[in-house]
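Everything on this sheet refers to the single structure shown next.
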Amino acid sequence: MILNKIVEAGEVEKGDIVLEIGPGKGALTEKLLEKAEKVIAIEKDDGLFSFLSEKFTKEIDNKHLTLENKDILEFEPIKYSLNDNNYKIIANIPYNITGAILKKFLTEENPPKTMVLMVQHEVAKRIIASNNKESILSISVKAYGEPKMVTKVGARYFTPAPKVDSAVILIKNISKKTFNDNKIDEKKFWELVKTGFAHKRKILAGNLRELSPKIDWSNEIKKINLNEKIRAEDLSLGSWINLCINTQNLF
């Protein structure tokens, strides 16, 4: 069963605090309550919130479940005693805000230690760069954690069946270690990456001239043992880190 795989991927155990986004009618919530010490479920829809409030009255009363009627993008972890790496996010998220959720919690001052999310299959493939072509999305996730596709979930598993397949992804060891260990300015790193990907058909050096025309970007790229004609999609996270280390004081 897909719900069991989601819970297993998160290695949910006694003592865990789990944040669930968009619990819907509570099918995953039930599974999480069986394993976790505490579940915090955030449901934006008023009708579903009322339904869940009745369904889980006992769990809410005994503090096993905290149910909130709000937008997850306005959620502040610290207000719920969710500190750096002391909680997990496990959720079947609204697909239209996948990027916003990833950005919010991966860059959060108090990030989760693990995220297990149901996302569109195509988005999952982009995150792990299954075709060995990186994107802003894949670099954005890999800079903060270790992504892995757990399983593909065909449209036939849902009623009514959607037009797209889904997938469960796991992101482990979430932190800002990449920036701290390499002494990289986080803001400058993202300036570099976003400019590098600005025009997909142009070579990386050409794109980066828009960031700073004074820098010989072809030479800087050669310094990290890459072809000066390389495109942004062909750089690994490690190469972006090296390029930033060498140039962050130049722009």
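The chains in the structure tokens are called A, B, ... from first to last as shown; in each chain the residues are counted from 1, and the ligands are counted from 1 in the order shown.
Near stretch 89-94 of chain A, within 9 Å and counting only C-alpha atoms, sit A:Ile6, A:Val7, A:Gly10, A:Ile17, A:Val18, A:Leu19, A:Glu20, A:Ile21, A:Gly22, A:Pro23, A:Gly24, A:Leu28, A:Thr29, A:Leu32, A:Tyr87, A:Asn96, A:Ile97, A:Thr98, A:Ile101, A:Pro112, A:Lys113, A:Thr114, A:Met115, A:Val116, A:Leu117, A:Met118, A:Val119, A:Val168, not including residues fewer than 2 positions from it in the same chain.
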Just list as number ranges by chain whatever in stretch 26-61 of chain A DSSP marks as strand (DSSP E or B). A: 38-42
Selected residues written out, C-alpha atoms, as a PDB file, in the first residue's frame:
```
ATOM      1  CA  LYS A  38       3.020  13.640  17.711  1.00  0.00           C
ATOM      2  CA  VAL A  39       1.501  14.732  14.402  1.00  0.00           C
ATOM      3  CA  ILE A  40       0.909  18.356  13.394  1.00  0.00           C
ATOM      4  CA  ALA A  41      -1.489  18.486  10.440  1.00  0.00           C
ATOM      5  CA  ILE A  42      -2.051  21.687   8.471  1.00  0.00           C
TER       6      ILE A  42
END
```
Give the answer as one residue: which of A:Asn110, A:Ser140, A:Asn62, A:Gly206 has the shortest atom-to-atom distance to A:Glu228, using only C-alpha atoms?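 That would be A:Gly206, the residue with the smallest distance to A:Glu228.
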Polymer residues at most 10 Å from stretch 174-190 of chain A, only C-alpha atoms, same-chain spacing of 5 or more positions, as a PyMOL selection string: chain A and resi 84-85+105-115+136+139-147+195-196+237-238+240-249+251
Grab the residues selected above and save them as a CSV table (one decimal), in the first residue's frame with N, CA and C atoms.
```csv
chain,number,residue,atom,x,y,z
A,84,ASP,N,15.4,23.2,14.7
A,84,ASP,CA,16.3,22.7,13.7
A,84,ASP,C,16.5,21.2,13.8
A,85,ASN,N,16.0,20.5,12.8
A,85,ASN,CA,16.1,19.0,12.6
A,85,ASN,C,15.4,18.2,13.7
A,105,PHE,N,10.8,25.1,3.2
A,105,PHE,CA,11.3,24.2,4.2
A,105,PHE,C,12.7,23.8,4.1
A,106,LEU,N,13.3,23.8,2.9
A,106,LEU,CA,14.7,23.5,2.7
A,106,LEU,C,15.5,24.7,3.1
A,107,THR,N,15.0,25.9,3.0
A,107,THR,CA,15.8,27.1,3.4
A,107,THR,C,15.4,27.7,4.7
A,108,GLU,N,14.4,27.0,5.4
A,108,GLU,CA,13.9,27.4,6.7
A,108,GLU,C,15.0,27.5,7.7
A,109,GLU,N,14.9,28.5,8.6
A,109,GLU,CA,15.9,28.6,9.7
A,109,GLU,C,15.8,27.4,10.6
A,110,ASN,N,14.6,26.8,10.7
A,110,ASN,CA,14.4,25.6,11.5
A,110,ASN,C,13.9,24.5,10.6
A,111,PRO,N,14.8,23.9,9.7
A,111,PRO,CA,14.3,22.9,8.7
A,111,PRO,C,14.0,21.5,9.3
A,112,PRO,N,13.2,20.7,8.6
A,112,PRO,CA,13.0,19.4,9.1
A,112,PRO,C,14.3,18.6,8.8
A,113,LYS,N,14.4,17.4,9.5
A,113,LYS,CA,15.6,16.6,9.2
A,113,LYS,C,15.4,15.7,7.9
A,114,THR,N,14.1,15.4,7.7
A,114,THR,CA,13.7,14.6,6.6
A,114,THR,C,12.4,15.1,6.0
A,115,MET,N,12.3,14.9,4.6
A,115,MET,CA,11.0,15.2,4.0
A,115,MET,C,10.6,14.0,3.1
A,136,ILE,N,17.6,24.2,-12.1
A,136,ILE,CA,17.6,25.0,-10.8
A,136,ILE,C,16.9,24.2,-9.7
A,139,ILE,N,19.3,21.3,-8.4
A,139,ILE,CA,20.4,21.9,-7.6
A,139,ILE,C,19.9,22.5,-6.3
A,140,SER,N,18.7,23.1,-6.4
A,140,SER,CA,18.1,23.7,-5.2
A,140,SER,C,17.8,22.7,-4.1
A,141,VAL,N,17.4,21.5,-4.5
A,141,VAL,CA,17.2,20.4,-3.5
A,141,VAL,C,18.5,19.8,-3.0
A,142,LYS,N,19.4,19.5,-4.0
A,142,LYS,CA,20.6,18.9,-3.6
A,142,LYS,C,21.6,19.7,-2.7
A,143,ALA,N,21.4,21.1,-2.9
A,143,ALA,CA,22.2,22.0,-2.1
A,143,ALA,C,21.9,21.9,-0.6
A,144,TYR,N,20.7,21.4,-0.3
A,144,TYR,CA,20.2,21.4,1.1
A,144,TYR,C,20.0,19.9,1.7
A,145,GLY,N,19.9,19.0,0.8
A,145,GLY,CA,19.6,17.6,1.3
A,145,GLY,C,20.0,16.5,0.2
A,146,GLU,N,19.6,15.3,0.5
A,146,GLU,CA,20.0,14.2,-0.4
A,146,GLU,C,18.7,13.6,-0.9
A,147,PRO,N,18.3,13.9,-2.1
A,147,PRO,CA,17.0,13.4,-2.7
A,147,PRO,C,17.1,12.0,-3.3
A,195,THR,N,21.5,32.8,-12.6
A,195,THR,CA,22.0,33.5,-13.8
A,195,THR,C,22.6,32.5,-14.8
A,196,GLY,N,23.2,31.4,-14.3
A,196,GLY,CA,23.8,30.4,-15.1
A,196,GLY,C,22.7,29.6,-15.9
A,237,LEU,N,26.3,19.6,-8.6
A,237,LEU,CA,26.3,20.5,-7.4
A,237,LEU,C,27.8,20.8,-7.0
A,238,GLY,N,28.7,19.8,-7.1
A,238,GLY,CA,30.0,20.0,-6.7
A,238,GLY,C,30.7,21.1,-7.6
A,240,TRP,N,29.2,23.6,-9.2
A,240,TRP,CA,28.7,24.9,-8.8
A,240,TRP,C,29.3,25.4,-7.6
A,241,ILE,N,29.6,24.5,-6.6
A,241,ILE,CA,30.2,24.9,-5.3
A,241,ILE,C,31.6,25.4,-5.6
A,242,ASN,N,32.4,24.7,-6.4
A,242,ASN,CA,33.8,25.1,-6.8
A,242,ASN,C,33.8,26.4,-7.5
A,243,LEU,N,32.8,26.6,-8.5
A,243,LEU,CA,32.8,27.8,-9.2
A,243,LEU,C,32.5,29.0,-8.3
A,244,CYS,N,31.6,28.8,-7.4
A,244,CYS,CA,31.2,29.9,-6.4
A,244,CYS,C,32.4,30.2,-5.5
A,245,ILE,N,33.0,29.2,-5.0
A,245,ILE,CA,34.2,29.4,-4.1
A,245,ILE,C,35.2,30.3,-4.8
A,246,ASN,N,35.5,30.0,-6.1
A,246,ASN,CA,36.5,30.8,-6.8
A,246,ASN,C,36.1,32.2,-7.2
A,247,THR,N,34.8,32.4,-7.3
A,247,THR,CA,34.3,33.7,-7.9
A,247,THR,C,33.5,34.6,-7.0
A,248,GLN,N,33.0,34.1,-5.8
A,248,GLN,CA,32.1,34.9,-5.0
A,248,GLN,C,32.6,36.2,-4.6
A,249,ASN,N,33.9,36.4,-4.5
A,249,ASN,CA,34.5,37.7,-4.1
A,249,ASN,C,34.7,38.6,-5.3
A,251,PHE,N,32.1,39.2,-7.7
A,251,PHE,CA,30.9,39.8,-8.2
A,251,PHE,C,30.0,40.2,-7.0
```
Residues of stretch 62-195 of chain A classed as helix (DSSP H, G or I) by DSSP on the backbone are to be reported as a PyMOL selection string. chain A and resi 72-74+77-80+95-106+121-128+136-142+155-157+177-181+186-195
With N, CA and C atoms kept, could you save the residues just selected as a compact mmCIF listing (two decimals), in the first residue's frame?
```txt
# COMPACT_ATOMS: atom_id res chain seq x y z
N ILE A 72 -0.09 26.41 4.59
CA ILE A 72 1.23 25.90 4.98
C ILE A 72 2.34 26.89 4.66
N LEU A 73 2.15 27.72 3.64
CA LEU A 73 3.19 28.68 3.26
C LEU A 73 3.32 29.82 4.27
N GLU A 74 2.35 29.90 5.19
CA GLU A 74 2.40 30.91 6.26
C GLU A 74 2.76 30.27 7.61
N PRO A 77 7.43 27.17 11.89
CA PRO A 77 7.79 26.01 12.72
C PRO A 77 8.10 26.34 14.17
N ILE A 78 8.80 27.44 14.41
CA ILE A 78 9.25 27.76 15.76
C ILE A 78 8.08 27.96 16.71
N LYS A 79 6.92 28.39 16.19
CA LYS A 79 5.74 28.60 17.04
C LYS A 79 5.16 27.29 17.55
N TYR A 80 5.58 26.18 16.95
CA TYR A 80 5.10 24.86 17.36
C TYR A 80 6.23 24.03 17.97
N TYR A 95 0.07 19.56 -5.56
CA TYR A 95 1.11 19.61 -6.59
C TYR A 95 1.42 21.01 -7.09
N ASN A 96 0.41 21.90 -7.04
CA ASN A 96 0.62 23.25 -7.58
C ASN A 96 1.55 24.11 -6.73
N ILE A 97 1.84 23.68 -5.51
CA ILE A 97 2.77 24.47 -4.68
C ILE A 97 3.99 23.64 -4.27
N THR A 98 4.31 22.62 -5.05
CA THR A 98 5.48 21.77 -4.75
C THR A 98 6.74 22.61 -4.61
N GLY A 99 7.01 23.46 -5.59
CA GLY A 99 8.22 24.28 -5.56
C GLY A 99 8.27 25.21 -4.37
N ALA A 100 7.13 25.81 -4.06
CA ALA A 100 7.07 26.75 -2.93
C ALA A 100 7.30 26.05 -1.60
N ILE A 101 6.75 24.83 -1.47
CA ILE A 101 6.94 24.06 -0.23
C ILE A 101 8.40 23.66 -0.07
N LEU A 102 9.01 23.18 -1.16
CA LEU A 102 10.42 22.80 -1.10
C LEU A 102 11.30 23.99 -0.72
N LYS A 103 11.06 25.12 -1.36
CA LYS A 103 11.86 26.32 -1.06
C LYS A 103 11.68 26.75 0.38
N LYS A 104 10.44 26.78 0.85
CA LYS A 104 10.16 27.23 2.21
C LYS A 104 10.88 26.39 3.25
N PHE A 105 10.75 25.07 3.15
CA PHE A 105 11.27 24.23 4.23
C PHE A 105 12.74 23.84 4.07
N LEU A 106 13.25 23.81 2.87
CA LEU A 106 14.68 23.52 2.70
C LEU A 106 15.53 24.71 3.14
N HIS A 121 5.35 12.72 -10.96
CA HIS A 121 6.49 11.89 -11.35
C HIS A 121 7.52 12.68 -12.15
N GLU A 122 7.06 13.54 -13.05
CA GLU A 122 7.99 14.33 -13.85
C GLU A 122 8.82 15.28 -12.98
N VAL A 123 8.19 15.81 -11.94
CA VAL A 123 8.90 16.70 -11.01
C VAL A 123 9.94 15.89 -10.23
N ALA A 124 9.57 14.69 -9.81
CA ALA A 124 10.50 13.83 -9.09
C ALA A 124 11.72 13.51 -9.94
N LYS A 125 11.50 13.24 -11.22
CA LYS A 125 12.62 12.94 -12.13
C LYS A 125 13.53 14.15 -12.30
N ARG A 126 12.93 15.34 -12.33
CA ARG A 126 13.75 16.56 -12.43
C ARG A 126 14.56 16.78 -11.17
N ILE A 127 13.97 16.50 -10.02
CA ILE A 127 14.68 16.71 -8.75
C ILE A 127 15.92 15.83 -8.64
N ILE A 128 15.79 14.58 -9.04
CA ILE A 128 16.95 13.68 -8.94
C ILE A 128 17.80 13.69 -10.20
N ILE A 136 17.61 24.18 -12.08
CA ILE A 136 17.59 24.97 -10.84
C ILE A 136 16.90 24.17 -9.73
N LEU A 137 15.85 23.45 -10.10
CA LEU A 137 15.12 22.65 -9.11
C LEU A 137 16.01 21.58 -8.49
N SER A 138 16.72 20.82 -9.31
CA SER A 138 17.54 19.73 -8.76
C SER A 138 18.69 20.26 -7.92
N ILE A 139 19.34 21.33 -8.39
CA ILE A 139 20.44 21.92 -7.62
C ILE A 139 19.90 22.52 -6.32
N SER A 140 18.70 23.11 -6.38
CA SER A 140 18.10 23.71 -5.18
C SER A 140 17.85 22.68 -4.09
N VAL A 141 17.42 21.49 -4.49
CA VAL A 141 17.17 20.43 -3.51
C VAL A 141 18.48 19.82 -3.03
N LYS A 142 19.38 19.52 -3.96
CA LYS A 142 20.64 18.86 -3.60
C LYS A 142 21.56 19.75 -2.75
N ALA A 155 -1.17 6.67 -12.04
CA ALA A 155 -2.43 7.39 -11.91
C ALA A 155 -3.58 6.47 -11.53
N ARG A 156 -3.47 5.19 -11.90
CA ARG A 156 -4.56 4.23 -11.63
C ARG A 156 -4.78 4.00 -10.14
N TYR A 157 -3.81 4.38 -9.31
CA TYR A 157 -3.97 4.18 -7.86
C TYR A 157 -4.89 5.22 -7.22
N LYS A 177 24.72 22.68 5.44
CA LYS A 177 26.10 22.21 5.51
C LYS A 177 26.91 22.60 4.26
N THR A 178 26.27 22.50 3.09
CA THR A 178 26.93 22.85 1.83
C THR A 178 27.53 24.24 1.90
N PHE A 179 26.77 25.18 2.44
CA PHE A 179 27.23 26.57 2.50
C PHE A 179 28.20 26.81 3.65
N ASN A 180 27.89 26.23 4.79
CA ASN A 180 28.74 26.45 5.96
C ASN A 180 30.11 25.80 5.82
N ASP A 181 30.15 24.56 5.38
CA ASP A 181 31.41 23.84 5.27
C ASP A 181 32.33 24.43 4.20
N GLU A 186 25.44 32.14 0.73
CA GLU A 186 24.24 31.49 0.17
C GLU A 186 23.57 32.36 -0.89
N LYS A 187 23.45 33.64 -0.62
CA LYS A 187 22.81 34.55 -1.57
C LYS A 187 23.58 34.61 -2.88
N LYS A 188 24.90 34.68 -2.79
CA LYS A 188 25.71 34.76 -4.01
C LYS A 188 25.68 33.45 -4.79
N PHE A 189 25.62 32.34 -4.08
CA PHE A 189 25.53 31.04 -4.74
C PHE A 189 24.30 30.99 -5.63
N TRP A 190 23.16 31.44 -5.10
CA TRP A 190 21.92 31.38 -5.88
C TRP A 190 21.89 32.42 -7.00
N GLU A 191 22.58 33.54 -6.82
CA GLU A 191 22.73 34.51 -7.92
C GLU A 191 23.47 33.83 -9.07
N LEU A 192 24.53 33.12 -8.72
CA LEU A 192 25.35 32.44 -9.72
C LEU A 192 24.55 31.37 -10.45
N VAL A 193 23.87 30.53 -9.69
CA VAL A 193 23.11 29.42 -10.30
C VAL A 193 21.96 29.93 -11.16
N LYS A 194 21.19 30.87 -10.64
CA LYS A 194 20.03 31.37 -11.40
C LYS A 194 20.46 32.08 -12.68
N THR A 195 21.55 32.83 -12.62
CA THR A 195 22.04 33.49 -13.82
C THR A 195 22.57 32.46 -14.81
```
Just how far from atom CA of A:Asp45 is atom CA of A:Asp61, in Å to one decimal?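 Separating atom CA of A:Asp61 from atom CA of A:Asp45 is a distance of 21.1 Å.
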Applying 9 Å and only C-alpha atoms, which residues near A:Ile230 remain after dropping the ones on its own chain fewer than 5 positions away? List them as JSON, numbers by chain. {"A": [203, 204, 205, 221, 235]}
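Put simply, atom CA of A:Ser53 is 10.3 Å away from atom CA of A:Lys25.
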Between atom CA of A:Ala129 and atom CA of A:Glu210, what is the distance in Å, rounded to a tenth?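 According to the coordinates, atom CA of A:Ala129 and atom CA of A:Glu210 are separated by 25.9 Å.
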As a list of chain:residue names, please: the residues near A:Lys5 (cut-off 10 Å, only C-alpha atoms, same-chain neighbours under 6 positions excluded).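 The neighbour list is A:Glu11, A:Val150, A:Thr151, A:Val168.
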I need the residues from that last selection saved to file as an mmCIF file, in the first residue's frame (with C-alpha atoms), if you can.
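Heads up, here's the output in out-v9.cif:
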```cif
data_model
loop_
_atom_site.group_PDB
_atom_site.id
_atom_site.type_symbol
_atom_site.label_atom_id
_atom_site.label_comp_id
_atom_site.auth_asym_id
_atom_site.auth_seq_id
_atom_site.Cartn_x
_atom_site.Cartn_y
_atom_site.Cartn_z
ATOM 1 C CA GLU A 11 11.342 5.811 9.073
ATOM 2 C CA VAL A 150 11.279 5.934 -3.428
ATOM 3 C CA THR A 151 8.624 4.686 -5.827
ATOM 4 C CA VAL A 168 7.222 9.440 -3.601
#
```
Near A:Gln120, counting only C-alpha atoms, which residues have an atom at most 7 Å away, once you skip same-chain residues fewer than 5 positions from it, shown as a list in words?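 Counting only C-alpha atoms, the residues come to Tyr95, Val164, Asp165, Ser166 and Ala167 of chain A.
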Residues within 12 Å of A:Lys229, please, as a VMD selection string. Count only C-alpha atoms; anything in the same chain fewer than 2 positions from it doesn't count. chain A and resid 201 to 207 217 to 222 225 to 227 231 to 235
Taking C-alpha atoms for each residue, export the selection above as a PDB file, in the first residue's frame.
```pdb
ATOM      1  CA  ARG A 201      20.363  27.357 -25.049  1.00  0.00           C
ATOM      2  CA  LYS A 202      23.336  29.566 -24.219  1.00  0.00           C
ATOM      3  CA  ILE A 203      26.593  28.247 -22.811  1.00  0.00           C
ATOM      4  CA  LEU A 204      27.236  28.869 -19.131  1.00  0.00           C
ATOM      5  CA  ALA A 205      29.986  31.458 -19.667  1.00  0.00           C
ATOM      6  CA  GLY A 206      27.670  33.496 -21.900  1.00  0.00           C
ATOM      7  CA  ASN A 207      24.914  33.511 -19.294  1.00  0.00           C
ATOM      8  CA  TRP A 217      33.967  33.359 -17.017  1.00  0.00           C
ATOM      9  CA  SER A 218      35.437  31.030 -19.625  1.00  0.00           C
ATOM     10  CA  ASN A 219      38.704  31.067 -17.730  1.00  0.00           C
ATOM     11  CA  GLU A 220      36.987  30.580 -14.355  1.00  0.00           C
ATOM     12  CA  ILE A 221      35.156  27.548 -15.763  1.00  0.00           C
ATOM     13  CA  LYS A 222      38.416  26.089 -17.087  1.00  0.00           C
ATOM     14  CA  ASN A 225      38.509  21.531 -14.992  1.00  0.00           C
ATOM     15  CA  LEU A 226      35.389  21.974 -17.096  1.00  0.00           C
ATOM     16  CA  ASN A 227      35.008  22.709 -20.804  1.00  0.00           C
ATOM     17  CA  ARG A 231      26.029  24.447 -20.349  1.00  0.00           C
ATOM     18  CA  ALA A 232      24.529  24.984 -16.888  1.00  0.00           C
ATOM     19  CA  GLU A 233      22.585  21.706 -16.999  1.00  0.00           C
ATOM     20  CA  ASP A 234      25.840  19.743 -17.207  1.00  0.00           C
ATOM     21  CA  LEU A 235      27.306  21.063 -13.946  1.00  0.00           C
TER      22      LEU A 235
END
```
Rank A:Glu30, A:Met1, A:Ala198, A:Asp216 by their smallest atom-to-atom distance to A:Val153, using only C-alpha atoms, and report the top residue only. A:Met1
